[in-house]
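Down below is the structure, laid out as structure tokens.
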Amino acid sequence: RQADASPTRSHGGLGLGLSIVKHLVDMHGGDVVAESEGVNRGSTFRVRLPVRTVPAEPAPVPATAPLATGLLKGATILVVDDDADTRELLASALETAGARVGLAPSADEGLTQALELLPDALVSDIAMPGQDGYALLRQMTAALGARTPRARVALTAFAGPNDREKAVAAGFQRHLAKPFDPLALVTILHELLLRGASVAGR
């Protein structure tokens, strides 16, 4: 676990890395050891894996990949997440689905981009340094009014029932836990945008 797990902690990351590493190493019959001399003294992590030769095979192409192509064509989607890898993954998935994507590493930058892009959809992390995703959506709603993104998805490691309730209360329509399936996110955004267009057209 992280020493500081508050939503507005000053450092990034989800605190899931070591758990995922241990799971993967265990699956391969290896072990992982963490050592530290104490607080502010740094840490050393050692991973040991058994060696064996495996015939090289071409990586299979996911059968579901083509299904997302063009599903979000014409939509502008703002992604706000302090983790660079997550932003890159989301940009790739959403652009493949045809969306125009804006990326922001913080709530402050996210609000600035929202005012410029007037996005159709928002995909936001909750735990970010400075201000969290709840504060971002409140500020965005106050600033944009009727132009607030009609599709709003919280994408976060805070995945308990209370976290889902807080996300809905803050104005998010859906709450997805990390790690997530990019295709599932694309499908959810597509459904929310269609629903929003239907309501707007009445």
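Every chain in the structure tokens has a letter given in the order shown (A, B, ...), and although residue numbers restart at 1 in each chain, ligands are simply numbered from 1 in the order shown.
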- Task: For Asp81 (chain A), please output as a VMD selection string all residues within 8 Å (counting only C-alpha atoms; exclusion window: fewer than 5 positions along the same chain).
- Result: chain A and resid 86 to 87 103 to 106 124 to 125 128
- Please return as a list of chain:residue names: the residues of region 24-55 of chain A that backbone DSSP assigns to alpha helix (DSSP H). A:Leu24, A:Val25, A:Asp26, A:Met27
Written selection (N, CA, C and O atoms) as a PDB file, in the first residue's frame:
```
ATOM      1  N   LEU A  24       2.495 -11.440 -11.465  1.00  0.00           N
ATOM      2  CA  LEU A  24       3.102 -11.909 -12.709  1.00  0.00           C
ATOM      3  C   LEU A  24       4.321 -12.796 -12.432  1.00  0.00           C
ATOM      4  O   LEU A  24       4.520 -13.826 -13.088  1.00  0.00           O
ATOM      5  N   VAL A  25       5.140 -12.378 -11.458  1.00  0.00           N
ATOM      6  CA  VAL A  25       6.332 -13.158 -11.125  1.00  0.00           C
ATOM      7  C   VAL A  25       5.937 -14.527 -10.571  1.00  0.00           C
ATOM      8  O   VAL A  25       6.537 -15.551 -10.925  1.00  0.00           O
ATOM      9  N   ASP A  26       4.928 -14.570  -9.706  1.00  0.00           N
ATOM     10  CA  ASP A  26       4.449 -15.849  -9.161  1.00  0.00           C
ATOM     11  C   ASP A  26       3.975 -16.770 -10.273  1.00  0.00           C
ATOM     12  O   ASP A  26       4.235 -17.978 -10.264  1.00  0.00           O
ATOM     13  N   MET A  27       3.276 -16.212 -11.266  1.00  0.00           N
ATOM     14  CA  MET A  27       2.767 -17.017 -12.378  1.00  0.00           C
ATOM     15  C   MET A  27       3.897 -17.657 -13.181  1.00  0.00           C
ATOM     16  O   MET A  27       3.717 -18.718 -13.783  1.00  0.00           O
TER      17      MET A  27
END
```
- Selection: 10 Å around region 191-196 of chain A, only C-alpha atoms, excl. self and same-chain fewer than 3 positions, as a ChimeraX atom specification: /A:71-72,75,120-121,149-153,173-174,185-188,199-201
Could you dump the residues just selected with C-alpha atoms as an mmCIF file, in the first residue's frame?
```
data_model
loop_
_atom_site.group_PDB
_atom_site.id
_atom_site.type_symbol
_atom_site.label_atom_id
_atom_site.label_comp_id
_atom_site.auth_asym_id
_atom_site.auth_seq_id
_atom_site.Cartn_x
_atom_site.Cartn_y
_atom_site.Cartn_z
ATOM 1 C CA LEU A 71 -17.368 4.047 -32.939
ATOM 2 C CA LEU A 72 -16.561 7.531 -31.595
ATOM 3 C CA ALA A 75 -16.575 13.123 -30.840
ATOM 4 C CA ASP A 120 -18.401 16.003 -25.841
ATOM 5 C CA ALA A 121 -17.038 13.592 -23.233
ATOM 6 C CA PRO A 149 -19.553 17.206 -21.484
ATOM 7 C CA ARG A 150 -22.646 15.069 -21.933
ATOM 8 C CA ALA A 151 -20.681 11.854 -21.328
ATOM 9 C CA ARG A 152 -18.700 11.747 -18.072
ATOM 10 C CA VAL A 153 -16.719 8.702 -16.945
ATOM 11 C CA GLN A 173 -22.437 8.889 -15.157
ATOM 12 C CA ARG A 174 -20.194 5.843 -15.026
ATOM 13 C CA LEU A 185 -14.622 2.217 -22.192
ATOM 14 C CA VAL A 186 -15.134 3.006 -25.884
ATOM 15 C CA THR A 187 -18.466 1.157 -25.821
ATOM 16 C CA ILE A 188 -19.613 3.010 -22.690
ATOM 17 C CA VAL A 199 -32.079 13.688 -25.201
ATOM 18 C CA ALA A 200 -30.729 16.841 -26.874
ATOM 19 C CA GLY A 201 -32.776 16.111 -30.003
#
```
- Message: One number please: CA of Ala146 (chain A) to CA of Ile126 (chain A), in Å, one decimal.
- Response: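 For CA of Ala146 (chain A) relative to CA of Ile126 (chain A), the distance reads 22.7 Å.
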- May I have the residues within 12 Å of Gly171 (chain A) as a ChimeraX atom specification, using only C-alpha atoms and disregarding those fewer than 5 positions away in the same chain? /A:122,124,133-142,148-154,164-166
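Neighbouring residues of region 16-22 of chain A at 12 Å or closer, counting only C-alpha atoms and skipping chain neighbours under 6 positions away, are Arg1, Gln2, Ala5, His28, Gly29, Gly30, Asp31, Val32, Val33, Ala34, Phe45, Arg46, Val47, Arg48, Leu49, Thr156, Ala157, Phe158, Lys178 and Pro179 of chain A.
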- Message: Please compute the CA of Ala159 (chain A)-CA of Leu176 (chain A) distance, one decimal, in Å.
- Response: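 Answer for the CA of Ala159 (chain A) to CA of Leu176 (chain A) separation: 7.5 Å.
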- Using only C-alpha atoms, which residue out of A:Ser36, A:Thr69, A:Gln131, A:Val80 lies closest to Ala93 (chain A)?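 Of the candidates, the smallest distance to Ala93 (chain A) is held by A:Thr69.
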- Query: From the set A:Pro129, A:Gly70, A:Asp85, A:Leu115, which residue has the shortest atom-to-atom contact distance to Gly98 (chain A), counting only C-alpha atoms?
  - Reply: A:Gly70
- Task: Using CA of Gly160 (chain A) and CA of Ala97 (chain A) as the two end points, give the distance in Å to one decimal.
- Result: 29.0 Å
- Task: Give the strand (DSSP E or B) residues of region 58-183 of chain A, as assigned by DSSP on the backbone, as a ChimeraX atom specification.
- Result: /A:76-80,100-104,121-124,151-156,174-177
